[in-house]
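Listing of input23.tsv, TSV, C-alpha atoms
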```tsv
chain	number	residue	atom	x	y	z
A	218	MET	CA	148.41	141.42	74.70
A	219	SER	CA	151.75	140.12	75.93
A	220	SER	CA	153.79	138.20	73.35
A	221	GLU	CA	155.38	136.04	76.02
A	222	MET	CA	153.03	133.05	75.95
A	223	LYS	CA	151.64	132.95	72.39
A	224	PRO	CA	153.35	129.80	71.08
A	225	VAL	CA	152.80	127.82	74.27
A	226	ILE	CA	149.08	127.49	74.94
A	227	GLY	CA	148.20	125.18	72.08
A	228	GLU	CA	150.37	122.48	73.55
A	229	LEU	CA	147.86	122.10	76.37
A	230	THR	CA	144.51	122.85	74.83
A	231	THR	CA	144.56	119.92	72.39
A	232	PRO	CA	145.95	117.06	74.46
A	233	ASP	CA	146.49	113.71	72.79
A	234	VAL	CA	147.65	111.69	75.79
A	235	ALA	CA	145.05	109.81	77.81
A	236	PRO	CA	145.25	109.94	81.62
A	237	ALA	CA	147.46	107.19	83.00
A	238	ALA	CA	146.66	105.19	86.09
A	239	GLY	CA	148.59	106.72	88.95
A	240	ARG	CA	150.28	104.87	91.76
A	241	ARG	CA	148.82	107.16	94.41
A	242	ALA	CA	145.31	106.98	95.81
A	243	GLY	CA	143.93	110.35	94.70
A	244	PRO	CA	145.63	113.62	93.88
A	245	MET	CA	148.78	114.81	95.59
A	246	THR	CA	148.19	117.43	98.25
A	247	VAL	CA	149.54	120.92	97.65
A	248	GLY	CA	150.05	123.73	100.15
A	249	VAL	CA	151.52	127.20	99.72
A	250	GLU	CA	153.61	129.64	101.73
A	251	GLU	CA	153.41	133.22	100.48
A	252	GLU	CA	155.72	136.00	101.64
A	253	PHE	CA	154.58	139.65	101.44
A	254	LEU	CA	156.10	143.11	101.75
A	255	LEU	CA	154.54	145.86	103.89
A	256	ILE	CA	154.43	149.31	102.29
A	257	ASP	CA	154.01	152.84	103.62
A	258	PRO	CA	151.04	154.24	101.62
A	259	GLU	CA	152.53	157.75	101.52
A	260	THR	CA	156.16	157.12	100.57
A	261	ARG	CA	155.54	153.69	98.95
A	262	THR	CA	158.71	152.44	100.56
A	263	LEU	CA	158.84	149.63	103.12
A	264	ALA	CA	157.11	149.92	106.51
A	265	PRO	CA	158.56	148.02	109.54
A	266	VAL	CA	155.17	147.03	111.00
A	267	ALA	CA	155.21	143.24	110.69
A	268	GLU	CA	154.69	142.65	114.42
A	269	ALA	CA	151.59	144.85	114.47
A	270	VAL	CA	150.18	143.19	111.34
A	271	ILE	CA	150.71	139.70	112.75
A	272	ALA	CA	149.11	140.68	116.06
A	273	LYS	CA	146.02	141.97	114.24
A	274	ALA	CA	145.80	139.01	111.84
A	275	SER	CA	146.51	136.20	114.31
A	276	PRO	CA	143.07	136.06	116.01
A	277	LEU	CA	141.62	134.80	112.73
A	278	LEU	CA	144.63	133.25	110.98
A	279	GLY	CA	146.45	131.82	114.02
A	280	ASP	CA	149.74	130.19	113.09
A	281	HIS	CA	148.89	130.53	109.39
A	282	VAL	CA	150.59	133.96	109.59
A	283	THR	CA	154.21	134.20	110.76
A	284	PRO	CA	157.12	136.66	110.78
A	285	GLU	CA	159.92	136.66	108.23
A	286	LEU	CA	163.55	137.77	108.44
A	287	THR	CA	162.77	141.50	108.52
A	288	ARG	CA	160.00	143.61	110.01
A	289	TYR	CA	159.08	144.64	106.49
A	290	GLN	CA	157.69	141.16	105.73
A	291	VAL	CA	155.02	138.67	106.76
A	292	GLU	CA	154.30	135.12	105.61
A	293	SER	CA	151.04	133.18	105.19
A	294	ARG	CA	150.69	129.40	105.14
A	295	THR	CA	147.75	127.45	103.74
A	296	GLU	CA	146.38	124.08	104.68
A	297	PRO	CA	147.24	121.20	102.33
A	298	HIS	CA	144.64	120.89	99.55
A	299	THR	CA	143.78	118.49	96.75
A	300	SER	CA	141.45	121.01	95.06
A	301	LEU	CA	143.03	124.03	93.38
A	302	THR	CA	139.74	125.90	93.69
A	303	ASP	CA	139.77	125.45	97.46
A	304	LEU	CA	143.44	126.43	97.59
A	305	ALA	CA	142.71	129.60	95.58
A	306	GLU	CA	139.88	130.59	97.90
A	307	GLN	CA	142.04	130.16	101.01
A	308	LEU	CA	144.91	132.11	99.45
A	309	HIS	CA	142.60	134.97	98.50
A	310	ALA	CA	140.93	135.04	101.91
A	311	MET	CA	144.31	135.19	103.66
A	312	ARG	CA	145.53	137.98	101.39
A	313	LEU	CA	142.38	139.98	102.13
A	314	HIS	CA	142.71	139.48	105.88
A	315	LEU	CA	146.42	140.35	105.90
A	316	ALA	CA	145.68	143.45	103.80
A	317	ARG	CA	143.09	144.59	106.34
A	318	ALA	CA	145.56	143.99	109.17
A	319	ALA	CA	148.22	145.94	107.25
A	320	THR	CA	145.84	148.86	106.65
A	321	ALA	CA	144.91	148.90	110.34
A	322	SER	CA	148.65	149.11	111.05
A	323	GLY	CA	149.15	152.05	108.70
A	324	ALA	CA	150.57	150.02	105.81
A	325	ARG	CA	149.62	148.19	102.61
A	326	LEU	CA	150.23	144.58	101.57
A	327	VAL	CA	152.26	143.85	98.42
A	328	SER	CA	153.17	140.59	96.72
A	329	SER	CA	156.43	141.18	94.87
A	330	GLY	CA	159.67	139.26	94.78
A	331	ALA	CA	161.66	142.39	95.62
A	332	PRO	CA	161.00	145.90	96.98
A	333	VAL	CA	160.50	148.53	94.29
A	334	LEU	CA	161.58	151.27	96.74
A	335	LEU	CA	163.81	150.82	99.79
A	336	PRO	CA	164.50	152.95	102.88
A	337	ALA	CA	168.12	153.83	103.51
A	338	GLY	CA	170.18	151.59	105.74
A	339	PRO	CA	170.01	147.93	106.81
A	340	PRO	CA	166.53	146.49	107.37
A	341	PRO	CA	165.24	146.03	110.92
A	342	LEU	CA	165.32	142.31	111.68
A	343	SER	CA	162.45	140.50	113.36
A	344	SER	CA	162.85	139.68	117.02
A	345	GLY	CA	163.99	136.23	118.04
A	346	GLU	CA	167.15	134.36	118.88
A	347	ARG	CA	167.44	132.77	115.43
A	348	TYR	CA	167.45	136.14	113.66
A	349	VAL	CA	170.12	137.42	116.08
A	350	ARG	CA	172.27	134.39	115.23
A	351	SER	CA	171.68	134.94	111.51
A	352	ALA	CA	172.82	138.57	111.70
A	353	ALA	CA	175.96	137.56	113.60
A	354	GLN	CA	176.75	134.72	111.20
A	355	PHE	CA	175.91	136.24	107.82
A	356	ALA	CA	176.31	140.01	108.41
A	357	ALA	CA	175.55	142.03	105.26
A	358	LEU	CA	173.89	139.08	103.56
A	359	ASP	CA	170.91	139.70	105.84
A	360	ASP	CA	170.90	143.37	104.81
A	361	GLU	CA	170.04	142.42	101.22
A	362	GLN	CA	167.39	139.79	101.86
A	363	VAL	CA	164.29	141.96	101.82
A	364	SER	CA	162.91	139.67	99.16
A	365	CYS	CA	159.83	137.45	99.03
A	366	ALA	CA	159.19	134.00	97.62
A	367	CYS	CA	156.33	131.61	96.99
A	368	HIS	CA	156.98	128.12	98.34
A	369	ILE	CA	154.94	125.14	97.11
A	370	HIS	CA	154.67	122.06	99.36
A	371	ILE	CA	153.75	118.73	97.75
A	372	GLY	CA	152.68	115.93	100.08
A	373	PHE	CA	155.27	113.15	100.45
A	374	ASP	CA	155.49	110.87	103.47
A	375	ASP	CA	158.52	109.01	102.06
A	376	ARG	CA	161.72	111.09	102.16
A	377	ASP	CA	163.61	108.71	99.89
A	378	LEU	CA	160.95	109.05	97.20
A	379	ALA	CA	160.83	112.81	97.75
A	380	LEU	CA	164.57	113.11	97.11
A	381	GLN	CA	164.34	110.96	93.99
A	382	VAL	CA	161.58	113.24	92.72
A	383	SER	CA	163.82	116.22	93.53
A	384	ASN	CA	166.52	114.72	91.31
A	385	HIS	CA	164.09	114.62	88.36
A	386	LEU	CA	162.75	118.15	88.98
A	387	ARG	CA	166.15	119.88	88.94
A	388	LEU	CA	166.13	120.00	85.13
A	389	TRP	CA	162.92	122.06	85.07
A	390	LEU	CA	163.63	124.61	87.79
A	391	PRO	CA	164.59	127.30	85.23
A	392	ALA	CA	161.15	126.95	83.60
A	393	LEU	CA	159.52	127.71	86.96
A	394	ILE	CA	161.77	130.74	87.47
A	395	THR	CA	160.73	132.00	84.05
A	396	LEU	CA	157.00	131.70	84.73
A	397	ALA	CA	157.15	133.08	88.27
A	398	ALA	CA	159.42	136.10	87.58
A	399	ASN	CA	158.08	139.06	89.59
A	400	SER	CA	161.05	141.15	90.73
A	401	PRO	CA	162.46	143.37	87.97
A	402	PHE	CA	163.00	146.38	90.26
A	403	TRP	CA	165.09	146.78	93.39
A	404	GLY	CA	165.47	149.95	95.44
A	405	GLY	CA	164.40	152.41	92.73
A	406	ARG	CA	166.14	150.93	89.70
A	407	ASP	CA	165.42	148.47	86.93
A	408	THR	CA	167.86	145.63	87.53
A	409	GLY	CA	167.71	144.35	83.94
A	410	TYR	CA	166.43	141.02	85.29
A	411	ALA	CA	162.93	139.56	85.32
A	412	SER	CA	163.68	137.91	88.69
A	413	TRP	CA	166.29	139.82	90.66
A	414	ARG	CA	165.21	137.93	93.79
A	415	THR	CA	166.68	134.77	92.25
A	416	ILE	CA	170.04	136.48	91.86
A	417	ALA	CA	170.00	138.07	95.32
A	418	TRP	CA	168.96	134.86	97.04
A	419	ASN	CA	171.67	132.79	95.34
A	420	ARG	CA	174.34	134.76	97.19
A	421	TRP	CA	173.73	132.56	100.21
A	422	PRO	CA	176.27	129.76	100.68
A	423	VAL	CA	173.60	127.03	100.43
A	424	ALA	CA	171.04	128.19	97.87
A	425	GLY	CA	170.03	127.72	94.25
A	426	PRO	CA	169.60	124.35	92.53
A	427	PRO	CA	170.14	121.42	94.90
A	428	PRO	CA	172.71	118.69	94.35
A	429	TYR	CA	171.77	115.29	92.96
A	430	PHE	CA	171.18	113.06	95.98
A	431	ASP	CA	171.97	109.34	95.99
A	432	SER	CA	169.94	108.64	99.13
A	433	THR	CA	168.46	110.14	102.28
A	434	GLY	CA	171.75	109.32	103.98
A	435	HIS	CA	173.61	111.40	101.39
A	436	TYR	CA	171.24	114.33	102.00
A	437	ASP	CA	171.41	114.08	105.80
A	438	ASP	CA	175.20	113.75	105.86
A	439	LEU	CA	175.68	116.73	103.56
A	440	VAL	CA	173.29	118.94	105.54
A	441	ALA	CA	174.92	117.96	108.83
A	442	THR	CA	178.34	118.82	107.41
A	443	LEU	CA	177.11	122.18	106.10
A	444	ILE	CA	175.66	123.01	109.51
A	445	SER	CA	178.98	122.10	111.13
A	446	THR	CA	180.83	124.50	108.82
A	447	GLY	CA	178.51	127.39	109.68
A	448	ALA	CA	177.34	127.73	106.08
A	449	VAL	CA	173.78	127.25	107.38
A	450	LEU	CA	172.39	127.84	110.86
A	451	ASP	CA	170.17	124.78	110.99
A	452	HIS	CA	167.86	122.66	108.83
A	453	SER	CA	165.61	125.69	108.21
A	454	GLY	CA	168.59	127.51	106.72
A	455	VAL	CA	169.02	125.05	103.84
A	456	TYR	CA	167.91	127.35	101.02
A	457	TRP	CA	168.14	125.02	98.04
A	458	ASP	CA	165.35	125.53	95.51
A	459	ILE	CA	164.01	122.07	96.34
A	460	ARG	CA	164.29	120.40	99.70
A	461	PRO	CA	162.38	117.90	101.84
A	462	SER	CA	160.69	119.93	104.56
A	463	HIS	CA	162.35	119.46	107.93
A	464	HIS	CA	159.04	119.72	109.83
A	465	LEU	CA	156.33	118.57	107.39
A	466	PRO	CA	155.86	115.39	105.29
A	467	THR	CA	156.34	117.38	102.09
A	468	LEU	CA	158.74	118.19	99.30
A	469	GLU	CA	159.18	121.98	99.21
A	470	ILE	CA	159.79	123.78	95.91
A	471	ARG	CA	161.19	127.23	96.78
A	472	VAL	CA	162.37	128.57	93.41
A	473	ALA	CA	159.58	131.07	92.66
A	474	ASP	CA	159.24	134.78	93.33
A	475	ALA	CA	156.27	135.87	95.41
A	476	ALA	CA	153.36	135.67	92.98
A	477	LEU	CA	151.70	138.90	91.88
A	478	THR	CA	148.15	137.50	92.08
A	479	VAL	CA	146.42	134.42	93.42
A	480	ASN	CA	146.01	133.38	89.77
A	481	HIS	CA	149.79	133.33	89.36
A	482	THR	CA	150.16	131.32	92.57
A	483	ILE	CA	147.62	128.72	91.45
A	484	LEU	CA	149.27	128.39	88.03
A	485	LEU	CA	152.57	127.71	89.80
A	486	ALA	CA	150.94	125.24	92.22
A	487	ALA	CA	149.29	123.31	89.36
A	488	LEU	CA	152.56	123.07	87.43
A	489	VAL	CA	154.61	122.05	90.47
A	490	ARG	CA	152.11	119.34	91.47
A	491	ALA	CA	152.01	117.98	87.93
A	492	ALA	CA	155.81	118.05	87.76
A	493	ALA	CA	156.10	116.14	91.04
A	494	ALA	CA	153.56	113.55	89.87
A	495	THR	CA	155.34	113.15	86.52
A	496	ALA	CA	158.70	112.78	88.25
A	497	LEU	CA	157.24	110.22	90.67
A	498	GLU	CA	156.04	108.10	87.74
A	499	ALA	CA	159.54	108.26	86.25
A	500	VAL	CA	160.96	107.08	89.59
A	501	HIS	CA	158.52	104.16	89.66
A	502	ARG	CA	159.58	103.24	86.12
A	503	ARG	CA	163.20	103.37	87.28
A	504	GLU	CA	164.07	106.01	84.72
A	505	PRO	CA	167.33	107.78	85.58
A	506	ALA	CA	167.11	111.50	86.24
A	507	VAL	CA	168.95	113.77	83.82
A	508	ARG	CA	172.04	115.09	85.60
A	509	PRO	CA	173.14	118.36	84.00
A	510	ASP	CA	176.54	119.73	84.90
A	511	PRO	CA	176.07	121.84	88.08
A	512	HIS	CA	177.66	124.88	86.42
A	513	LEU	CA	175.32	124.62	83.43
A	514	LEU	CA	172.35	124.26	85.76
A	515	ARG	CA	173.34	127.44	87.57
A	516	ALA	CA	173.86	129.15	84.22
A	517	ALA	CA	170.34	128.09	83.20
A	518	HIS	CA	168.98	129.59	86.44
A	519	TRP	CA	170.81	132.85	85.76
A	520	ARG	CA	169.49	133.02	82.19
A	521	ALA	CA	165.91	132.31	83.33
A	522	ALA	CA	166.17	135.02	85.99
A	523	ARG	CA	167.52	137.54	83.50
A	524	ASP	CA	165.27	136.91	80.50
A	525	GLY	CA	162.03	135.59	81.96
A	526	LEU	CA	159.59	134.61	79.20
A	527	ALA	CA	160.70	137.37	76.86
A	528	GLY	CA	164.16	136.01	75.99
A	529	GLU	CA	166.08	132.77	75.70
A	530	ALA	CA	166.61	129.72	77.90
A	531	VAL	CA	169.37	127.12	78.24
A	532	SER	CA	168.09	123.78	76.92
A	533	LEU	CA	169.61	121.45	79.49
A	534	GLY	CA	168.04	118.37	77.86
A	535	HIS	CA	169.76	119.03	74.54
A	536	PRO	CA	173.14	117.31	74.06
A	537	HIS	CA	174.78	120.62	73.13
A	538	HIS	CA	172.94	122.67	75.81
A	539	ARG	CA	171.98	125.25	73.22
A	540	LEU	CA	170.06	128.46	73.77
A	541	GLU	CA	166.45	128.38	72.61
A	542	PRO	CA	163.49	130.75	72.98
A	543	ALA	CA	162.17	130.62	76.53
A	544	GLN	CA	158.71	129.92	75.09
A	545	HIS	CA	160.01	126.70	73.50
A	546	HIS	CA	161.57	125.56	76.76
A	547	LEU	CA	158.27	126.19	78.53
A	548	ARG	CA	156.40	124.29	75.79
A	549	ASP	CA	158.62	121.24	76.39
A	550	PHE	CA	157.98	121.51	80.13
A	551	LEU	CA	154.20	121.61	79.64
A	552	THR	CA	154.34	118.64	77.26
A	553	TRP	CA	156.18	116.64	79.93
A	554	LEU	CA	153.41	117.48	82.42
A	555	ARG	CA	150.39	116.77	80.24
A	556	THR	CA	149.38	113.36	81.58
A	557	ALA	CA	149.69	114.41	85.22
A	558	LEU	CA	147.57	117.51	84.59
A	559	HIS	CA	144.81	115.25	83.30
A	560	ARG	CA	145.13	112.88	86.22
A	561	HIS	CA	144.73	115.69	88.75
A	562	ASN	CA	141.85	117.28	86.78
A	563	ASP	CA	143.88	120.50	86.62
A	564	LEU	CA	143.75	121.05	82.87
A	565	GLN	CA	140.73	123.36	82.99
A	566	HIS	CA	142.41	125.52	85.64
A	567	LEU	CA	145.63	125.62	83.68
A	568	GLU	CA	143.99	126.55	80.38
A	569	ALA	CA	142.15	129.47	82.00
A	570	LEU	CA	145.21	130.63	83.93
A	571	ALA	CA	147.55	130.24	80.95
A	572	SER	CA	145.13	132.27	78.82
A	573	HIS	CA	145.15	134.96	81.51
A	574	LEU	CA	148.96	134.93	81.51
A	575	GLN	CA	149.02	135.09	77.71
A	576	HIS	CA	146.98	138.29	77.75
A	577	HIS	CA	148.54	139.99	80.77
A	578	GLY	CA	152.05	138.57	81.13
A	579	THR	CA	154.15	137.63	84.14
A	580	GLY	CA	154.49	139.73	87.27
A	581	ALA	CA	157.72	141.21	85.90
A	582	SER	CA	155.97	142.41	82.74
A	583	HIS	CA	153.11	143.88	84.83
A	584	GLN	CA	155.61	145.85	86.91
A	585	ARG	CA	157.51	147.17	83.91
A	586	ARG	CA	154.32	148.24	82.12
A	587	ALA	CA	153.21	150.14	85.21
A	588	TYR	CA	156.53	152.00	85.24
A	589	GLN	CA	156.54	152.75	81.52
A	590	ARG	CA	153.27	154.71	81.68
A	591	ARG	CA	154.76	157.68	83.56
A	592	HIS	CA	158.21	156.46	84.60
A	593	ARG	CA	157.27	156.61	88.27
A	594	PHE	CA	158.18	153.84	90.70
A	595	THR	CA	155.29	154.92	92.93
A	596	ASP	CA	152.95	153.84	90.12
A	597	VAL	CA	154.53	150.39	90.19
A	598	VAL	CA	153.91	150.10	93.94
A	599	ASP	CA	150.31	151.30	93.63
A	600	ASN	CA	149.67	148.74	90.89
A	601	LEU	CA	151.15	146.00	93.06
A	602	VAL	CA	148.88	146.96	95.98
A	603	THR	CA	145.82	146.62	93.73
A	604	LEU	CA	146.79	143.38	91.97
A	605	THR	CA	147.87	141.63	95.18
A	606	LEU	CA	144.16	141.47	96.11
A	607	ALA	CA	142.77	140.54	92.67
A	608	PRO	CA	140.18	137.72	93.01
A	609	PRO	CA	141.09	134.24	91.72
A	610	ILE	CA	139.99	133.25	88.26
A	611	SER	CA	138.72	129.95	89.74
A	612	ARG	CA	135.52	131.78	90.68
A	613	GLN	CA	134.71	131.92	86.99
A	614	LEU	CA	135.17	128.17	86.38
```

Could you write out this structure as structure tokens?
Amino acid sequence: MSSEMKPVIGELTTPDVAPAAGRRAGPMTVGVEEEFLLIDPETRTLAPVAEAVIAKASPLLGDHVTPELTRYQVESRTEPHTSLTDLAEQLHAMRLHLARAATASGARLVSSGAPVLLPAGPPPLSSGERYVRSAAQFAALDDEQVSCACHIHIGFDDRDLALQVSNHLRLWLPALITLAANSPFWGGRDTGYASWRTIAWNRWPVAGPPPYFDSTGHYDDLVATLISTGAVLDHSGVYWDIRPSHHLPTLEIRVADAALTVNHTILLAALVRAAAATALEAVHRREPAVRPDPHLLRAAHWRAARDGLAGEAVSLGHPHHRLEPAQHHLRDFLTWLRTALHRHNDLQHLEALASHLQHHGTGASHQRRAYQRRHRFTDVVDNLVTLTLAPPISRQL
């Protein structure tokens, strides 16, 4: 049994807060984008077969499967859902179909925030004018972005409200990094981090925790200025951990590593939806968002990426910003979410998923345990291939 989650679960299983009347008609919608790596089954390193996989998967998945920056990666996109059970079933079905397409293309599908083993040299970029522009603009930054994330979209048709919710969520981004950590290895070495993807991704000029935004005008003016400086290519290149989607009526939370299993993805989706709903209630009550110093917020992200659930976290809500056990920080986060979890009827899902996490740990702990058995990185990759297709726990509920 992993020791990571032991003190946390009781905070949810004996709730003492009754559901509050929400201001929305029904649950918030939630959709997911999952990015995957493609692996050569013989060498267990990356296989540049994304175009073939997409061609084989598209007849069934259509535009729900898309290319990523490199030919080592593919992305899936779900429909928006109000039911986590339905979301879990679609996620699992898409993983199965992409895995079959990968196998037919001579590869295997893996959900990991970073590649355990890497071929020598820069990665082959996907075809398309945007990727050509990116390579010209950002040079070696593109060479090191063979990493995968899990993006959660929460339905918002009001951008001003979405940005106010973003302001309230900034404080809790490190908690999500901690739970979602699934990238301890990179290119045949243990990085010493639970989420190395977080560190690698934050090298981009516009990435990491977003600023506090006073209004939609503030957001639009800042993004336009950043585009004019060349720090981002376009609206799609704004890589903050939270952003209003430029093409969907959603708020996109982009902080998490690619989730090891569908169960991990659903746990993240439930927490993000509850966090957005809780933040929205705070906005309606005109409660000011906590505004931690930007440097301390980045430090909290770094600490969460390094330690995961096994170490310490920066308590941004404490007046002295002290270090505390990561489990305590997560407990405070879950307490903040409790009412919204009731309102969305997600508590049963979360209890089952949190119990699963308590016994088996985060993706990072799974990967390290697989390595420790025989000290072989190929064992880590093989374990990832198997767990990527594990069925959702929702089938047992």

Which residues are close to region 384-397 of chain A, i.e. within 6 Å by all atoms listed in the file, leaving aside same-chain residues fewer than 4 positions away? Reply as a list in words.
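Neighbouring residues, sequence-local ones excluded: Tyr429, Ala473, Asp474, Ala496, Ala506, His518, Ala521, Gly525, Leu526 and Leu547 of chain A.
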
One decimal, in Å: what's the spacing between CA of His309 (chain A) and CA of Leu570 (chain A)?
15.4 Å

Padding of 5 Å on every side, edges along x, y and z, all listed atoms of region 460-467 of chain A included: what centre and edge lengths in Å, to one decimal, does that box have, as lines of an AutoDock Vina configuration file?
```
center_x = 160.1
center_y = 117.9
center_z = 104.8
size_x = 18.4
size_y = 15.0
size_z = 20.1
```

Give as a VMD selection string the set of residues within 9 Å of the point (161.7, 144.0, 96.1), where distances use the file's coordinates and all atoms listed in the file.
chain A and resid 254 329 to 335 363 to 365 399 to 404 413 to 414

Okay, now the selection with C-alpha atoms, as a CSV table (one decimal), in the coordinates of the input?
```
chain,number,residue,atom,x,y,z
A,254,LEU,CA,156.1,143.1,101.8
A,329,SER,CA,156.4,141.2,94.9
A,330,GLY,CA,159.7,139.3,94.8
A,331,ALA,CA,161.7,142.4,95.6
A,332,PRO,CA,161.0,145.9,97.0
A,333,VAL,CA,160.5,148.5,94.3
A,334,LEU,CA,161.6,151.3,96.7
A,335,LEU,CA,163.8,150.8,99.8
A,363,VAL,CA,164.3,142.0,101.8
A,364,SER,CA,162.9,139.7,99.2
A,365,CYS,CA,159.8,137.4,99.0
A,399,ASN,CA,158.1,139.1,89.6
A,400,SER,CA,161.0,141.2,90.7
A,401,PRO,CA,162.5,143.4,88.0
A,402,PHE,CA,163.0,146.4,90.3
A,403,TRP,CA,165.1,146.8,93.4
A,404,GLY,CA,165.5,150.0,95.4
A,413,TRP,CA,166.3,139.8,90.7
A,414,ARG,CA,165.2,137.9,93.8
```

What does the distance between CA of Ala324 (chain A) and CA of Ser293 (chain A) come to in Å, to one decimal place?
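So the answer is 16.9 Å.
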
CA of Ala486 (chain A) and CA of Asp437 (chain A) are how many Å apart?
27.0 Å

A:Arg523, A:Pro258, A:Glu250, A:Arg586 ranked by distance to Leu304 (chain A), top pick (using only C-alpha atoms):
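Smallest distance to Leu304 (chain A) is found for A:Glu250.
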
Top pick for closest residue to Asp510 (chain A), considering A:Val440, A:Phe253, A:Leu533, A:Ala305 and counting only C-alpha atoms:
A:Leu533

Nearest to Phe594 (chain A), chosen from A:Ala530, A:Asp407, A:Gln307, A:Tyr348, with all atoms listed in the file counted in the distances:
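Of A:Ala530, A:Asp407, A:Gln307, A:Tyr348, the one nearest Phe594 (chain A), counting all atoms listed in the file, is A:Asp407.
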
Listing only residues of region 369-426 of chain A within 6 Å of region 453-462 of chain A, what is the closest atom pair and its distance in Å (to one decimal) for each, using only C-alpha atoms, sorted by chain and residue number ascending, as CSV?
```
residue,atom,partner,partner_atom,distance
A:Val423,CA,A:Tyr456,CA,5.7
A:Ala424,CA,A:Trp457,CA,4.3
A:Gly425,CA,A:Trp457,CA,5.0
A:Pro426,CA,A:Asp458,CA,5.3
```

Dump of C-alpha atoms for the selected residues, as an mmCIF file, in the frame of the given file:
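Once everything was written out, this is result-v1.cif:
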```
data_model
loop_
_atom_site.group_PDB
_atom_site.id
_atom_site.type_symbol
_atom_site.label_atom_id
_atom_site.label_comp_id
_atom_site.auth_asym_id
_atom_site.auth_seq_id
_atom_site.Cartn_x
_atom_site.Cartn_y
_atom_site.Cartn_z
ATOM 1 C CA VAL A 423 173.600 127.030 100.430
ATOM 2 C CA ALA A 424 171.040 128.190 97.870
ATOM 3 C CA GLY A 425 170.030 127.720 94.250
ATOM 4 C CA PRO A 426 169.600 124.350 92.530
#
```

What lies within 8 Å of Leu606 (chain A) using only C-alpha atoms, ignoring chain neighbours under 3 positions off, as JSON, numbers by chain?
{"A": [309, 312, 313, 478, 479, 602, 603]}

Nearest to Glu268 (chain A) by atom-to-atom distance, counting all atoms listed in the file, from A:Asp359, A:Asp438, A:Glu285, A:Asp375
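Under the stated criterion, the closest residue is A:Glu285.
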
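With all atoms listed in the file taken into account, the protein and nucleic acid residues at most 10 Å from His583 (chain A) (excluding it and anything under 6 positions from it in its own chain) are Ser219, Asn399, Pro401, Leu477, His577, Val597, Asn600, Leu601 and Leu604 of chain A.
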
Kindly export the residues of the current selection with C-alpha atoms, as a compact mmCIF listing (two decimals), keeping the file's coordinate frame.
```
# COMPACT_ATOMS: atom_id res chain seq x y z
CA SER A 219 151.75 140.12 75.93
CA ASN A 399 158.08 139.06 89.59
CA PRO A 401 162.46 143.37 87.97
CA LEU A 477 151.70 138.90 91.88
CA HIS A 577 148.54 139.99 80.77
CA VAL A 597 154.53 150.39 90.19
CA ASN A 600 149.67 148.74 90.89
CA LEU A 601 151.15 146.00 93.06
CA LEU A 604 146.79 143.38 91.97
```

Identify, on the basis of only C-alpha atoms, every residue whose closest approach to Ala557 (chain A) does not exceed 7 Å; exclude the query and any residue fewer than 5 positions from it along the same chain; express the result as a list of chain:residue names.
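Result of the neighbour search: A:Ala491, A:Ala494, A:Thr495.
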
Would you mind putting N, CA and C atoms back on region 595-605 of chain A and writing the result as a PDB file, in the coordinates of the input?
```
ATOM      1  N   THR A 595     156.482 154.934  92.067  1.00  0.00           N
ATOM      2  CA  THR A 595     155.290 154.920  92.930  1.00  0.00           C
ATOM      3  C   THR A 595     154.101 154.314  92.202  1.00  0.00           C
ATOM      4  N   ASP A 596     154.020 154.479  90.882  1.00  0.00           N
ATOM      5  CA  ASP A 596     152.950 153.840  90.120  1.00  0.00           C
ATOM      6  C   ASP A 596     153.079 152.325  90.153  1.00  0.00           C
ATOM      7  N   VAL A 597     154.305 151.840  90.113  1.00  0.00           N
ATOM      8  CA  VAL A 597     154.530 150.390  90.190  1.00  0.00           C
ATOM      9  C   VAL A 597     154.009 149.860  91.524  1.00  0.00           C
ATOM     10  N   VAL A 598     154.350 150.543  92.606  1.00  0.00           N
ATOM     11  CA  VAL A 598     153.910 150.100  93.940  1.00  0.00           C
ATOM     12  C   VAL A 598     152.386 150.137  94.037  1.00  0.00           C
ATOM     13  N   ASP A 599     151.767 151.203  93.562  1.00  0.00           N
ATOM     14  CA  ASP A 599     150.310 151.300  93.630  1.00  0.00           C
ATOM     15  C   ASP A 599     149.642 150.178  92.846  1.00  0.00           C
ATOM     16  N   ASN A 600     150.209 149.841  91.689  1.00  0.00           N
ATOM     17  CA  ASN A 600     149.670 148.740  90.890  1.00  0.00           C
ATOM     18  C   ASN A 600     149.811 147.410  91.612  1.00  0.00           C
ATOM     19  N   LEU A 601     150.936 147.226  92.285  1.00  0.00           N
ATOM     20  CA  LEU A 601     151.150 146.000  93.060  1.00  0.00           C
ATOM     21  C   LEU A 601     150.135 145.876  94.192  1.00  0.00           C
ATOM     22  N   VAL A 602     149.856 146.979  94.883  1.00  0.00           N
ATOM     23  CA  VAL A 602     148.880 146.960  95.980  1.00  0.00           C
ATOM     24  C   VAL A 602     147.520 146.489  95.457  1.00  0.00           C
ATOM     25  N   THR A 603     147.120 146.986  94.302  1.00  0.00           N
ATOM     26  CA  THR A 603     145.820 146.620  93.730  1.00  0.00           C
ATOM     27  C   THR A 603     145.796 145.156  93.295  1.00  0.00           C
ATOM     28  N   LEU A 604     146.819 144.726  92.546  1.00  0.00           N
ATOM     29  CA  LEU A 604     146.790 143.380  91.970  1.00  0.00           C
ATOM     30  C   LEU A 604     147.023 142.294  93.010  1.00  0.00           C
ATOM     31  N   THR A 605     147.679 142.626  94.110  1.00  0.00           N
ATOM     32  CA  THR A 605     147.870 141.630  95.180  1.00  0.00           C
ATOM     33  C   THR A 605     146.532 141.077  95.658  1.00  0.00           C
TER      34      THR A 605
END
```
